[in-house]
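J.: Structure file my_file05.pdb (PDB, C-alpha atoms) is given on the next line.
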```pdb
ATOM      1  CA  MET A   1      58.458  38.830 -50.102
ATOM      2  CA  ASN A   2      58.522  35.333 -51.568
ATOM      3  CA  VAL A   3      56.384  34.742 -54.665
ATOM      4  CA  MET A   4      55.332  31.725 -56.703
ATOM      5  CA  ARG A   5      55.845  32.345 -60.422
ATOM      6  CA  VAL A   6      53.519  30.506 -62.801
ATOM      7  CA  ASP A   7      55.192  29.188 -65.952
ATOM      8  CA  ARG A   8      52.187  27.043 -66.989
ATOM      9  CA  PRO A   9      48.792  27.333 -65.297
ATOM     10  CA  GLY A  10      47.374  23.812 -65.632
ATOM     11  CA  MET A  11      43.746  23.034 -66.412
ATOM     12  CA  LEU A  12      42.136  24.829 -63.458
ATOM     13  CA  SER A  13      44.455  25.877 -60.640
ATOM     14  CA  VAL A  14      42.682  28.047 -58.068
ATOM     15  CA  LEU A  15      43.524  29.371 -54.617
ATOM     16  CA  GLN A  16      41.231  28.093 -51.877
ATOM     17  CA  ASP A  17      41.212  28.131 -48.088
ATOM     18  CA  SER A  18      38.727  26.794 -45.533
ATOM     19  CA  GLY A  19      35.950  28.940 -46.987
ATOM     20  CA  ARG A  20      34.125  32.244 -46.733
ATOM     21  CA  TYR A  21      31.759  31.998 -43.770
ATOM     22  CA  GLY A  22      29.336  34.550 -42.360
ATOM     23  CA  PHE A  23      27.972  35.872 -45.655
ATOM     24  CA  GLN A  24      25.536  33.195 -46.806
ATOM     25  CA  ARG A  25      22.639  35.312 -45.577
ATOM     26  CA  PHE A  26      23.631  37.764 -48.305
ATOM     27  CA  GLY A  27      23.729  35.012 -50.935
ATOM     28  CA  VAL A  28      27.531  34.702 -50.963
ATOM     29  CA  PRO A  29      28.710  31.089 -51.379
ATOM     30  CA  VAL A  30      31.195  29.581 -48.942
ATOM     31  CA  ASN A  31      33.612  28.380 -51.660
ATOM     32  CA  GLY A  32      36.756  26.805 -50.157
ATOM     33  CA  ALA A  33      38.514  23.544 -51.000
ATOM     34  CA  MET A  34      36.510  20.764 -52.633
ATOM     35  CA  ASP A  35      38.515  18.118 -50.755
ATOM     36  CA  GLU A  36      38.756  19.758 -47.345
ATOM     37  CA  TRP A  37      40.687  16.840 -45.818
ATOM     38  CA  SER A  38      43.488  16.990 -48.392
ATOM     39  CA  CYS A  39      43.721  20.787 -48.160
ATOM     40  CA  ARG A  40      43.950  20.719 -44.362
ATOM     41  CA  LEU A  41      46.429  17.863 -44.523
ATOM     42  CA  ALA A  42      48.675  19.800 -46.924
ATOM     43  CA  ASN A  43      48.652  22.768 -44.542
ATOM     44  CA  ALA A  44      49.342  20.586 -41.494
ATOM     45  CA  LEU A  45      52.352  18.998 -43.198
ATOM     46  CA  VAL A  46      54.074  22.394 -43.526
ATOM     47  CA  GLY A  47      52.997  23.638 -40.091
ATOM     48  CA  ASN A  48      50.234  26.002 -41.264
ATOM     49  CA  ALA A  49      46.891  26.699 -39.655
ATOM     50  CA  ASP A  50      43.954  24.853 -41.220
ATOM     51  CA  ASP A  51      42.604  28.020 -42.839
ATOM     52  CA  ALA A  52      45.770  28.955 -44.758
ATOM     53  CA  ALA A  53      45.263  29.387 -48.506
ATOM     54  CA  ALA A  54      46.504  26.519 -50.697
ATOM     55  CA  LEU A  55      46.435  25.827 -54.424
ATOM     56  CA  GLU A  56      43.732  23.450 -55.651
ATOM     57  CA  ILE A  57      44.966  21.674 -58.795
ATOM     58  CA  ASN A  58      42.259  20.145 -60.975
ATOM     59  CA  VAL A  59      43.045  17.176 -63.259
ATOM     60  CA  ALA A  60      46.167  18.638 -64.938
ATOM     61  CA  GLY A  61      48.664  20.622 -62.932
ATOM     62  CA  PRO A  62      50.792  23.727 -63.393
ATOM     63  CA  ALA A  63      54.510  24.373 -63.752
ATOM     64  CA  ILE A  64      55.737  26.830 -61.115
ATOM     65  CA  ARG A  65      58.850  28.082 -59.341
ATOM     66  CA  PHE A  66      59.503  30.042 -56.156
ATOM     67  CA  ALA A  67      61.617  33.159 -55.682
ATOM     68  CA  GLN A  68      63.000  31.814 -52.378
ATOM     69  CA  ASP A  69      63.698  28.373 -50.909
ATOM     70  CA  THR A  70      60.190  27.264 -49.914
ATOM     71  CA  LEU A  71      58.703  24.516 -47.761
ATOM     72  CA  ILE A  72      55.829  22.848 -49.648
ATOM     73  CA  SER A  73      53.614  19.761 -49.522
ATOM     74  CA  VAL A  74      51.392  18.044 -52.081
ATOM     75  CA  THR A  75      48.364  15.946 -51.120
ATOM     76  CA  GLY A  76      45.081  14.715 -52.591
ATOM     77  CA  ALA A  77      44.882  13.020 -55.978
ATOM     78  CA  ASP A  78      47.727  10.786 -57.106
ATOM     79  CA  ILE A  79      49.698  13.143 -59.342
ATOM     80  CA  ALA A  80      53.271  13.008 -60.614
ATOM     81  CA  VAL A  81      55.337  16.024 -59.527
ATOM     82  CA  THR A  82      58.949  16.712 -60.441
ATOM     83  CA  VAL A  83      61.463  19.261 -59.153
ATOM     84  CA  ALA A  84      64.228  19.952 -61.675
ATOM     85  CA  GLY A  85      63.196  16.676 -63.303
ATOM     86  CA  MET A  86      63.411  14.615 -60.093
ATOM     87  CA  PRO A  87      60.250  12.980 -58.623
ATOM     88  CA  LEU A  88      58.904  14.825 -55.593
ATOM     89  CA  PRO A  89      57.286  12.737 -52.815
ATOM     90  CA  MET A  90      53.698  13.414 -51.783
ATOM     91  CA  HIS A  91      52.176  13.577 -48.296
ATOM     92  CA  CYS A  92      55.255  15.036 -46.596
ATOM     93  CA  ALA A  93      56.982  18.398 -46.211
ATOM     94  CA  VAL A  94      59.584  19.175 -48.889
ATOM     95  CA  MET A  95      62.022  22.111 -48.959
ATOM     96  CA  VAL A  96      62.343  23.218 -52.598
ATOM     97  CA  ARG A  97      65.276  25.275 -53.800
ATOM     98  CA  HIS A  98      64.470  28.694 -55.230
ATOM     99  CA  ASP A  99      63.999  29.185 -58.968
ATOM    100  CA  VAL A 100      63.922  25.480 -59.847
ATOM    101  CA  PRO A 101      60.890  24.271 -61.865
ATOM    102  CA  VAL A 102      58.200  22.382 -59.964
ATOM    103  CA  VAL A 103      56.142  20.603 -62.619
ATOM    104  CA  PHE A 104      52.816  18.834 -62.087
ATOM    105  CA  ALA A 105      51.535  16.267 -64.598
ATOM    106  CA  HIS A 106      47.976  14.853 -64.908
ATOM    107  CA  CYS A 107      46.166  13.216 -62.003
ATOM    108  CA  ARG A 108      46.625   9.461 -62.320
ATOM    109  CA  ARG A 109      43.915   8.679 -59.778
ATOM    110  CA  GLY A 110      41.487  11.190 -58.306
ATOM    111  CA  ALA A 111      40.598  14.639 -59.588
ATOM    112  CA  ARG A 112      42.189  17.237 -57.290
ATOM    113  CA  ALA A 113      45.593  17.733 -55.702
ATOM    114  CA  TYR A 114      46.570  20.417 -53.202
ATOM    115  CA  LEU A 115      49.792  22.413 -52.924
ATOM    116  CA  ALA A 116      50.485  24.130 -49.607
ATOM    117  CA  VAL A 117      53.426  26.423 -48.839
ATOM    118  CA  ARG A 118      54.832  27.332 -45.449
ATOM    119  CA  GLY A 119      52.987  30.489 -44.340
ATOM    120  CA  GLY A 120      50.255  30.061 -46.956
ATOM    121  CA  PHE A 121      49.568  31.906 -50.179
ATOM    122  CA  ALA A 122      48.826  35.541 -49.445
ATOM    123  CA  PRO A 123      46.709  37.419 -51.990
ATOM    124  CA  GLU A 124      44.420  40.094 -50.579
ATOM    125  CA  THR A 125      41.442  38.725 -48.655
ATOM    126  CA  ALA A 126      37.885  39.273 -49.893
ATOM    127  CA  LEU A 127      35.144  39.119 -47.247
ATOM    128  CA  GLY A 128      37.601  37.540 -44.831
ATOM    129  CA  SER A 129      38.763  34.733 -47.119
ATOM    130  CA  ARG A 130      41.306  34.069 -49.878
ATOM    131  CA  SER A 131      39.055  31.498 -51.552
ATOM    132  CA  THR A 132      38.348  31.991 -55.253
ATOM    133  CA  ASN A 133      34.745  32.613 -56.306
ATOM    134  CA  LEU A 134      34.920  31.848 -60.030
ATOM    135  CA  ARG A 135      31.330  32.841 -60.832
ATOM    136  CA  ALA A 136      31.413  36.223 -59.100
ATOM    137  CA  ARG A 137      35.099  36.746 -59.988
ATOM    138  CA  PHE A 138      36.501  37.769 -56.640
ATOM    139  CA  GLY A 139      38.876  36.315 -54.086
ATOM    140  CA  GLY A 140      42.020  34.327 -54.723
ATOM    141  CA  MET A 141      43.967  35.546 -57.753
ATOM    142  CA  GLU A 142      41.587  38.238 -59.037
ATOM    143  CA  GLY A 143      38.669  35.801 -58.835
ATOM    144  CA  ARG A 144      40.071  33.507 -61.538
ATOM    145  CA  ALA A 145      42.243  30.492 -62.181
ATOM    146  CA  LEU A 146      45.985  30.981 -62.471
ATOM    147  CA  ARG A 147      47.466  32.178 -65.758
ATOM    148  CA  ALA A 148      50.967  31.906 -67.160
ATOM    149  CA  GLY A 149      53.054  34.788 -65.859
ATOM    150  CA  ASP A 150      51.131  35.222 -62.599
ATOM    151  CA  ARG A 151      53.102  35.981 -59.455
ATOM    152  CA  VAL A 152      51.327  34.763 -56.336
ATOM    153  CA  ALA A 153      52.471  36.147 -52.986
ATOM    154  CA  VAL A 154      53.623  33.701 -50.303
ATOM    155  CA  ALA A 155      53.420  34.790 -46.656
ATOM    156  CA  SER A 156      57.062  34.139 -45.782
ATOM    157  CA  LEU A 157      57.778  33.778 -42.075
ATOM    158  CA  HIS A 158      60.728  36.057 -41.391
ATOM    159  CA  ARG A 159      63.816  34.793 -39.546
ATOM    160  CA  GLU A 160      62.492  31.238 -39.529
ATOM    161  CA  MET A 161      65.245  28.666 -40.098
ATOM    162  CA  LEU A 162      63.830  25.141 -40.197
ATOM    163  CA  PRO A 163      66.093  22.071 -40.028
ATOM    164  CA  LEU A 164      65.160  21.304 -43.643
ATOM    165  CA  ALA A 165      66.373  24.776 -44.651
ATOM    166  CA  ARG A 166      69.759  24.084 -43.063
ATOM    167  CA  MET A 167      69.900  20.770 -44.897
ATOM    168  CA  MET A 168      69.103  22.592 -48.132
ATOM    169  CA  VAL A 169      72.047  24.936 -47.622
ATOM    170  CA  GLN A 170      74.374  21.926 -47.219
ATOM    171  CA  SER A 171      72.879  19.941 -50.103
ATOM    172  CA  ALA A 172      73.358  20.126 -53.851
ATOM    173  CA  MET A 173      69.894  18.602 -54.363
ATOM    174  CA  PRO A 174      66.980  20.657 -55.770
ATOM    175  CA  PHE A 175      64.853  19.614 -52.780
ATOM    176  CA  VAL A 176      65.081  17.978 -49.354
ATOM    177  CA  ALA A 177      62.132  15.978 -47.962
ATOM    178  CA  ALA A 178      61.110  15.421 -44.363
ATOM    179  CA  ALA A 179      59.951  12.058 -43.074
ATOM    180  CA  ARG A 180      56.322  11.267 -43.806
ATOM    181  CA  PRO A 181      54.063  11.351 -40.723
ATOM    182  CA  ASP A 182      52.289   8.097 -39.955
ATOM    183  CA  GLY A 183      48.818   7.997 -41.503
ATOM    184  CA  ALA A 184      49.339  11.079 -43.670
ATOM    185  CA  VAL A 185      47.327   9.799 -46.612
ATOM    186  CA  ALA A 186      43.923  10.594 -48.050
ATOM    187  CA  PRO A 187      40.920   8.904 -46.403
ATOM    188  CA  PRO A 188      40.209   5.474 -47.896
ATOM    189  CA  THR A 189      37.739   5.365 -50.724
ATOM    190  CA  CYS A 190      34.378   3.838 -49.893
ATOM    191  CA  ASP A 191      32.237   1.411 -51.859
ATOM    192  CA  ALA A 192      29.193   3.592 -51.175
ATOM    193  CA  LEU A 193      28.842   7.177 -50.028
ATOM    194  CA  ARG A 194      27.129   7.215 -46.671
ATOM    195  CA  PHE A 195      24.202   9.544 -46.153
ATOM    196  CA  LEU A 196      21.603  10.753 -43.692
ATOM    197  CA  PRO A 197      18.012  10.967 -44.972
ATOM    198  CA  GLY A 198      17.064  14.518 -45.925
ATOM    199  CA  PRO A 199      14.031  16.434 -44.644
ATOM    200  CA  GLN A 200      11.946  15.394 -47.654
ATOM    201  CA  TRP A 201      13.076  11.730 -47.655
ATOM    202  CA  GLU A 202       9.597  10.470 -46.788
ATOM    203  CA  ARG A 203       8.015  12.561 -49.561
ATOM    204  CA  PHE A 204       9.686  10.383 -52.225
ATOM    205  CA  THR A 205       8.035   7.141 -53.322
ATOM    206  CA  PRO A 206       9.173   3.899 -51.666
ATOM    207  CA  ALA A 207      10.527   2.865 -55.069
ATOM    208  CA  ALA A 208      12.591   6.067 -55.346
ATOM    209  CA  ARG A 209      14.053   5.611 -51.866
ATOM    210  CA  SER A 210      14.934   2.012 -52.626
ATOM    211  CA  THR A 211      16.462   3.012 -55.959
ATOM    212  CA  PHE A 212      18.621   5.677 -54.315
ATOM    213  CA  GLU A 213      20.179   3.077 -52.025
ATOM    214  CA  GLN A 214      20.355   0.087 -54.334
ATOM    215  CA  GLN A 215      21.256   1.401 -57.786
ATOM    216  CA  GLY A 216      24.259   3.308 -59.097
ATOM    217  CA  PHE A 217      24.382   6.823 -60.543
ATOM    218  CA  SER A 218      27.085   8.229 -62.809
ATOM    219  CA  VAL A 219      28.615  11.686 -62.455
ATOM    220  CA  SER A 220      27.587  13.841 -65.416
ATOM    221  CA  SER A 221      30.074  15.839 -67.494
ATOM    222  CA  GLN A 222      27.884  18.837 -66.595
ATOM    223  CA  SER A 223      29.349  18.869 -63.077
ATOM    224  CA  ASP A 224      31.514  21.541 -61.495
ATOM    225  CA  ARG A 225      32.535  23.024 -58.151
ATOM    226  CA  MET A 226      28.931  24.103 -57.533
ATOM    227  CA  GLY A 227      27.398  20.654 -57.830
ATOM    228  CA  PHE A 228      27.684  17.159 -59.281
ATOM    229  CA  ARG A 229      24.784  16.258 -61.560
ATOM    230  CA  LEU A 230      23.998  12.552 -61.458
ATOM    231  CA  GLU A 231      22.673  10.439 -64.296
ATOM    232  CA  GLY A 232      20.690   7.275 -63.724
ATOM    233  CA  PRO A 233      17.216   6.228 -62.607
ATOM    234  CA  SER A 234      14.716   9.003 -61.975
ATOM    235  CA  LEU A 235      13.664   9.666 -58.372
ATOM    236  CA  ALA A 236       9.947  10.470 -58.123
ATOM    237  CA  LEU A 237       7.966  12.200 -55.391
ATOM    238  CA  SER A 238       4.831  10.578 -54.019
ATOM    239  CA  ALA A 239       2.899  13.752 -54.865
ATOM    240  CA  PRO A 240       3.734  17.197 -56.260
ATOM    241  CA  LEU A 241       5.577  19.246 -53.668
ATOM    242  CA  GLU A 242       6.309  22.940 -53.344
ATOM    243  CA  ILE A 243       8.556  24.003 -50.481
ATOM    244  CA  VAL A 244       9.947  27.298 -49.288
ATOM    245  CA  SER A 245      13.635  27.680 -50.134
ATOM    246  CA  GLU A 246      15.791  26.724 -47.176
ATOM    247  CA  ALA A 247      19.481  26.460 -46.313
ATOM    248  CA  VAL A 248      21.653  23.909 -48.070
ATOM    249  CA  THR A 249      25.061  22.529 -47.147
ATOM    250  CA  PHE A 250      28.033  20.829 -48.748
ATOM    251  CA  GLY A 251      26.797  17.318 -49.565
ATOM    252  CA  THR A 252      23.084  18.142 -49.825
ATOM    253  CA  VAL A 253      21.407  15.929 -52.444
ATOM    254  CA  GLN A 254      18.642  17.876 -54.191
ATOM    255  CA  VAL A 255      16.209  16.387 -56.688
ATOM    256  CA  PRO A 256      14.843  18.813 -59.326
ATOM    257  CA  PRO A 257      11.508  18.095 -61.068
ATOM    258  CA  GLY A 258      13.217  15.951 -63.721
ATOM    259  CA  GLY A 259      14.138  13.393 -61.031
ATOM    260  CA  SER A 260      17.933  13.459 -61.559
ATOM    261  CA  PRO A 261      19.790  14.203 -58.293
ATOM    262  CA  ILE A 262      22.356  16.984 -57.825
ATOM    263  CA  VAL A 263      24.930  16.776 -55.029
ATOM    264  CA  LEU A 264      25.875  20.287 -53.909
ATOM    265  CA  MET A 265      29.602  20.927 -53.550
ATOM    266  CA  ALA A 266      31.968  23.678 -52.327
ATOM    267  CA  ASP A 267      30.606  26.503 -54.512
ATOM    268  CA  ARG A 268      26.975  25.690 -53.702
ATOM    269  CA  GLN A 269      24.337  28.387 -53.448
ATOM    270  CA  SER A 270      23.197  29.427 -49.971
ATOM    271  CA  VAL A 271      19.554  28.240 -50.244
ATOM    272  CA  GLY A 272      17.586  25.861 -52.430
ATOM    273  CA  GLY A 273      13.957  25.057 -53.085
ATOM    274  CA  TYR A 274      14.234  21.548 -54.530
ATOM    275  CA  PRO A 275      13.350  18.563 -52.297
ATOM    276  CA  LYS A 276      16.355  17.203 -50.432
ATOM    277  CA  ILE A 277      16.480  13.434 -50.389
ATOM    278  CA  ALA A 278      19.769  13.083 -48.490
ATOM    279  CA  TYR A 279      22.882  14.628 -46.964
ATOM    280  CA  ILE A 280      26.258  12.968 -47.670
ATOM    281  CA  ILE A 281      28.075  12.646 -44.337
ATOM    282  CA  SER A 282      31.056  14.951 -43.799
ATOM    283  CA  ALA A 283      33.552  12.093 -43.505
ATOM    284  CA  ASP A 284      32.759  10.954 -47.072
ATOM    285  CA  LEU A 285      32.859  14.360 -48.768
ATOM    286  CA  PRO A 286      36.635  14.150 -49.475
ATOM    287  CA  SER A 287      36.094  10.883 -51.366
ATOM    288  CA  LEU A 288      33.228  12.455 -53.306
ATOM    289  CA  ALA A 289      35.371  15.475 -54.213
ATOM    290  CA  GLN A 290      37.933  13.198 -55.887
ATOM    291  CA  VAL A 291      35.593  11.523 -58.395
ATOM    292  CA  MET A 292      35.767  12.305 -62.110
ATOM    293  CA  PRO A 293      32.861  12.667 -64.566
ATOM    294  CA  GLY A 294      31.668   9.224 -65.620
ATOM    295  CA  ALA A 295      32.410   7.627 -62.246
ATOM    296  CA  GLU A 296      29.654   5.554 -60.670
ATOM    297  CA  LEU A 297      28.375   6.517 -57.237
ATOM    298  CA  ARG A 298      26.400   4.396 -54.819
ATOM    299  CA  PHE A 299      24.748   5.466 -51.588
ATOM    300  CA  ARG A 300      24.165   3.836 -48.211
ATOM    301  CA  ALA A 301      22.121   5.176 -45.304
ATOM    302  CA  VAL A 302      23.716   5.447 -41.840
ATOM    303  CA  THR A 303      22.665   6.873 -38.496
ATOM    304  CA  ALA A 304      23.563  10.299 -37.140
ATOM    305  CA  GLU A 305      25.656   8.561 -34.478
ATOM    306  CA  THR A 306      27.734   6.870 -37.178
ATOM    307  CA  ALA A 307      28.202  10.161 -39.036
ATOM    308  CA  GLN A 308      29.385  11.879 -35.857
ATOM    309  CA  ARG A 309      31.729   9.031 -34.930
ATOM    310  CA  GLU A 310      33.334   8.999 -38.390
ATOM    311  CA  LEU A 311      33.832  12.772 -38.377
ATOM    312  CA  LEU A 312      35.419  12.718 -34.922
ATOM    313  CA  ALA A 313      37.751   9.925 -36.050
ATOM    314  CA  MET A 314      38.857  12.075 -38.996
ATOM    315  CA  GLU A 315      39.479  15.035 -36.701
ATOM    316  CA  ASP A 316      41.542  12.872 -34.336
ATOM    317  CA  ARG A 317      43.561  11.625 -37.276
ATOM    318  CA  HIS A 318      44.177  15.154 -38.539
ATOM    319  CA  ALA A 319      45.271  16.316 -35.084
ATOM    320  CA  ALA A 320      47.740  13.427 -34.840
ATOM    321  CA  VAL A 321      49.240  14.302 -38.239
ATOM    322  CA  ALA A 322      49.547  17.985 -37.250
ATOM    323  CA  VAL A 323      51.371  17.098 -34.025
ATOM    324  CA  GLU A 324      53.735  14.685 -35.773
ATOM    325  CA  SER A 325      54.413  17.134 -38.610
ATOM    326  CA  ALA A 326      55.291  19.901 -36.149
ATOM    327  CA  ARG A 327      57.699  17.539 -34.390
ATOM    328  CA  LEU A 328      59.378  16.511 -37.641
ATOM    329  CA  LEU A 329      59.779  20.176 -38.663
ATOM    330  CA  GLY A 330      61.032  21.281 -35.271
ATOM    331  CA  LEU A 331      58.059  23.602 -34.769
ATOM    332  CA  PRO A 332      56.035  24.249 -31.623
ATOM    333  CA  HIS A 333      52.618  22.653 -32.048
ATOM    334  CA  ARG A 334      49.748  25.130 -32.134
TER     335      ARG A 334
END
```
Could you quickly redo this structure as structure tokens?

T.:
Amino acid sequence: MNVMRVDRPGMLSVLQDSGRYGFQRFGVPVNGAMDEWSCRLANALVGNADDAAALEINVAGPAIRFAQDTLISVTGADIAVTVAGMPLPMHCAVMVRHDVPVVFAHCRRGARAYLAVRGGFAPETALGSRSTNLRARFGGMEGRALRAGDRVAVASLHREMLPLARMMVQSAMPFVAAARPDGAVAPPTCDALRFLPGPQWERFTPAARSTFEQQGFSVSSQSDRMGFRLEGPSLALSAPLEIVSEAVTFGTVQVPPGGSPIVLMADRQSVGGYPKIAYIISADLPSLAQVMPGAELRFRAVTAETAQRELLAMEDRHAAVAVESARLLGLPHR
């Protein structure tokens, strides 16, 4: 079996897939990739299913090598990657020769990059997913970030000989890259994160609602995969409010009693009892996932119809990339 050997782990390199669904009623978080678009894109570029496990690289990347020639792709944050000292292109499939160092530097723009391998990373599943739950310490690589010396299994597809593999055999280069599919880039950044009003929107004062839309908030250093704490003007309720805890989702904006919002992210809890002022629309969550502490966020209300239209446009774009990637790799499209 092919394995990825870890020479240097990076700041926080964790295995994630599309998430652990079906267990929230037991209090188990979904987990999964923070930037779902970039993770799915990385998998599409190497011909994987959307739910294949990829490596989420946070801020500063690892140094790795593969035991066999391996088809990989790197997406997400702008990050310098070298193979045997040569720059590796992003947003396309690349066949990397076995046992040559693949070295990631720091993210130059954005916070998270994604590394996908043909077949996907293949640690044992936990509750139907290979996503890493850092707090509960299960899933992924023993429920933790990568360490130097780790060997991570890759689900090699036996007897598969891609055109890029044949080119690798004939080449003296440490890697061979495929053409980049049209449009295979991260979604454009937005001036303001679009949102739908939450169920308690009307319970906040008119001043608080106006402030949420018109003033900026900065991402606190006390932010993580569970949620982004925001610093800025306080958001007040019109009157004290106690609500029964109810389900929360990726992008839910809760406001604790102190008035400082928290945007729930991939490792969010399953329910919450704080008032919910807004939901960030799904199409803007990838942009949110790429912000660093200290960044300023602004918010803009949109209609449900707009949110649905933007999400469908993203799905159409992803499907087009998957079809084009399969063609470039000589694979049948799923």

J.: Counting all atoms listed in the file, which residues of range 98-212 of chain A fall within 6 Å of range 301-307 of chain A, and what is the closest atom pair for each with its distance in Å at one decimal, ordered by chain and rising number, as a tab-separated table?

T.:
```
residue	atom	partner	partner_atom	distance
A:Arg194	CA	A:Ala301	CA	5.6
A:Phe195	CA	A:Ala301	CA	4.9
A:Leu196	CA	A:Ala301	CA	5.8
```

J.: One number please: CA of Asp284 in chain A to CA of Ala53 in chain A, in Å, one decimal.

T.: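 CA of Asp284 in chain A sits 22.3 Å away from CA of Ala53 in chain A.
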
J.: With the file shown as input, list the residues that the PyMOL selection byres ((chain A and resi 152) around 10) selects, as a PyMOL selection string.

T.: chain A and resi 2-6+15+66+121-123+140-141+146+149-151+153-155

J.: Hey, what comes out of the PyMOL selection byres ((chain A and resi 61) around 8) on this file? Could you write it as a PyMOL selection string?

T.: chain A and resi 9-13+57-60+62-63+103-107

J.: Nearest to Gly258 in chain A among A:Gly128, A:Gly232, A:Gly85, A:Gly198, with distances taken over all atoms listed in the file: which residue is it?

T.: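 The closest residue to Gly258 in chain A is A:Gly232.
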
J.: I need the output of the PyMOL selection byres ((chain A and resi 23) around 12) for this file as number ranges by chain; which residues are they?

T.: A: 19-22, 24-31, 126-129, 269-270

J.: CA of Leu71 in chain A and CA of Met1 in chain A, how far apart in Å?

T.: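 Between CA of Met1 in chain A and CA of Leu71 in chain A the gap works out to 14.5 Å.
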
J.: Is it possible to get the residues within 12 Å of (15.3, 3.9, -54.7) (coordinates as in the file, counting all atoms listed in the file) written as a PyMOL selection string?

T.: chain A and resi 201-202+204-217+232-237+259+261+277-278+298-301

J.: Around the point (28.2, 18.4, -49.0) (coordinates from the file), which residues reach within 7 Å if we count only C-alpha atoms? Answer as a PyMOL selection string.

T.: chain A and resi 249-252+264-265+279-280+282+285

J.: Which of these, A:Arg180, A:Arg268, A:Arg40, A:Arg166, has the shortest distance to Met90 in chain A once you count only C-alpha atoms?

T.: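 Counting only C-alpha atoms, the residue closest to Met90 in chain A is A:Arg180.
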
J.: When you look at range 294-296 of chain A with a cut-off of 12 Å (counting all atoms listed in the file), what residues show up, excluding the ones that are within fewer than 5 positions of it in the same chain? I need them as a list in words.

T.: Arg109, Gly110, Ala111, Cys190, Asp191, Ala192, Leu193, Gln215, Gly216, Phe217, Ser218, Val219, Ser220, Ser221, Gln222, Ser223, Phe228, Arg229, Leu230, Glu231, Gly232, Ser287, Leu288 and Ala289 of chain A

J.: When you count all atoms listed in the file, which of these residues is closest to Asn43 in chain A: A:Thr82, A:Ser171, A:Gln254, A:Ser325?

T.: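 Among the listed residues, A:Ser325 lies closest to Asn43 in chain A.
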
J.: Would you mind telling me which residue in A:Val81, A:Ile64, A:Leu162, A:Val244 lies nearest to Ala148 in chain A when using all atoms listed in the file?

T.: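 Looking at the shortest contact to Ala148 in chain A, the residue is A:Ile64.
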
J.: One decimal, Å: what's the distance from CA of Arg118 in chain A over to CA of Ser73 in chain A, could you say?

T.: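 Going from CA of Arg118 in chain A over to CA of Ser73 in chain A covers 8.7 Å.
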
J.: Return as AutoDock Vina command-line options the centre and edge lengths, in Å with one decimal, of the box along x, y and z that encloses every atom of range 205-208 of chain A in the file, padded by 3 Å per side.

T.:
```
--center_x 10.3 --center_y 5.0 --center_z -53.5 --size_x 10.6 --size_y 10.3 --size_z 9.7
```

J.: For range 221-230 of chain A, supply N, CA, C and O atoms and report the output as a PDB file, in the frame of the given file.

T.:
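New file selection-v2.pdb:
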```pdb
ATOM      1  N   SER A 221      29.040  14.901 -67.044  1.00  0.00           N
ATOM      2  CA  SER A 221      30.074  15.839 -67.494  1.00  0.00           C
ATOM      3  C   SER A 221      29.659  17.276 -67.218  1.00  0.00           C
ATOM      4  O   SER A 221      30.495  18.189 -67.250  1.00  0.00           O
ATOM      5  N   GLN A 222      28.377  17.506 -66.928  1.00  0.00           N
ATOM      6  CA  GLN A 222      27.884  18.837 -66.595  1.00  0.00           C
ATOM      7  C   GLN A 222      27.984  19.077 -65.091  1.00  0.00           C
ATOM      8  O   GLN A 222      27.073  19.617 -64.476  1.00  0.00           O
ATOM      9  N   SER A 223      29.101  18.698 -64.512  1.00  0.00           N
ATOM     10  CA  SER A 223      29.349  18.869 -63.077  1.00  0.00           C
ATOM     11  C   SER A 223      30.487  19.856 -62.888  1.00  0.00           C
ATOM     12  O   SER A 223      31.375  19.977 -63.738  1.00  0.00           O
ATOM     13  N   ASP A 224      30.454  20.575 -61.778  1.00  0.00           N
ATOM     14  CA  ASP A 224      31.514  21.541 -61.495  1.00  0.00           C
ATOM     15  C   ASP A 224      31.630  21.727 -59.994  1.00  0.00           C
ATOM     16  O   ASP A 224      31.081  20.942 -59.212  1.00  0.00           O
ATOM     17  N   ARG A 225      32.334  22.778 -59.583  1.00  0.00           N
ATOM     18  CA  ARG A 225      32.535  23.024 -58.151  1.00  0.00           C
ATOM     19  C   ARG A 225      31.238  23.381 -57.440  1.00  0.00           C
ATOM     20  O   ARG A 225      31.169  23.289 -56.219  1.00  0.00           O
ATOM     21  N   MET A 226      30.210  23.778 -58.170  1.00  0.00           N
ATOM     22  CA  MET A 226      28.931  24.103 -57.533  1.00  0.00           C
ATOM     23  C   MET A 226      28.145  22.841 -57.203  1.00  0.00           C
ATOM     24  O   MET A 226      27.505  22.758 -56.140  1.00  0.00           O
ATOM     25  N   GLY A 227      28.155  21.866 -58.093  1.00  0.00           N
ATOM     26  CA  GLY A 227      27.398  20.654 -57.830  1.00  0.00           C
ATOM     27  C   GLY A 227      27.714  19.562 -58.833  1.00  0.00           C
ATOM     28  O   GLY A 227      28.146  19.838 -59.961  1.00  0.00           O
ATOM     29  N   PHE A 228      27.523  18.318 -58.415  1.00  0.00           N
ATOM     30  CA  PHE A 228      27.684  17.159 -59.281  1.00  0.00           C
ATOM     31  C   PHE A 228      26.297  16.699 -59.723  1.00  0.00           C
ATOM     32  O   PHE A 228      25.477  16.275 -58.891  1.00  0.00           O
ATOM     33  N   ARG A 229      26.034  16.787 -61.013  1.00  0.00           N
ATOM     34  CA  ARG A 229      24.784  16.258 -61.560  1.00  0.00           C
ATOM     35  C   ARG A 229      24.945  14.755 -61.761  1.00  0.00           C
ATOM     36  O   ARG A 229      25.971  14.295 -62.272  1.00  0.00           O
ATOM     37  N   LEU A 230      23.938  13.999 -61.363  1.00  0.00           N
ATOM     38  CA  LEU A 230      23.998  12.552 -61.458  1.00  0.00           C
ATOM     39  C   LEU A 230      23.040  12.050 -62.526  1.00  0.00           C
ATOM     40  O   LEU A 230      21.919  12.556 -62.670  1.00  0.00           O
TER      41      LEU A 230
END
```
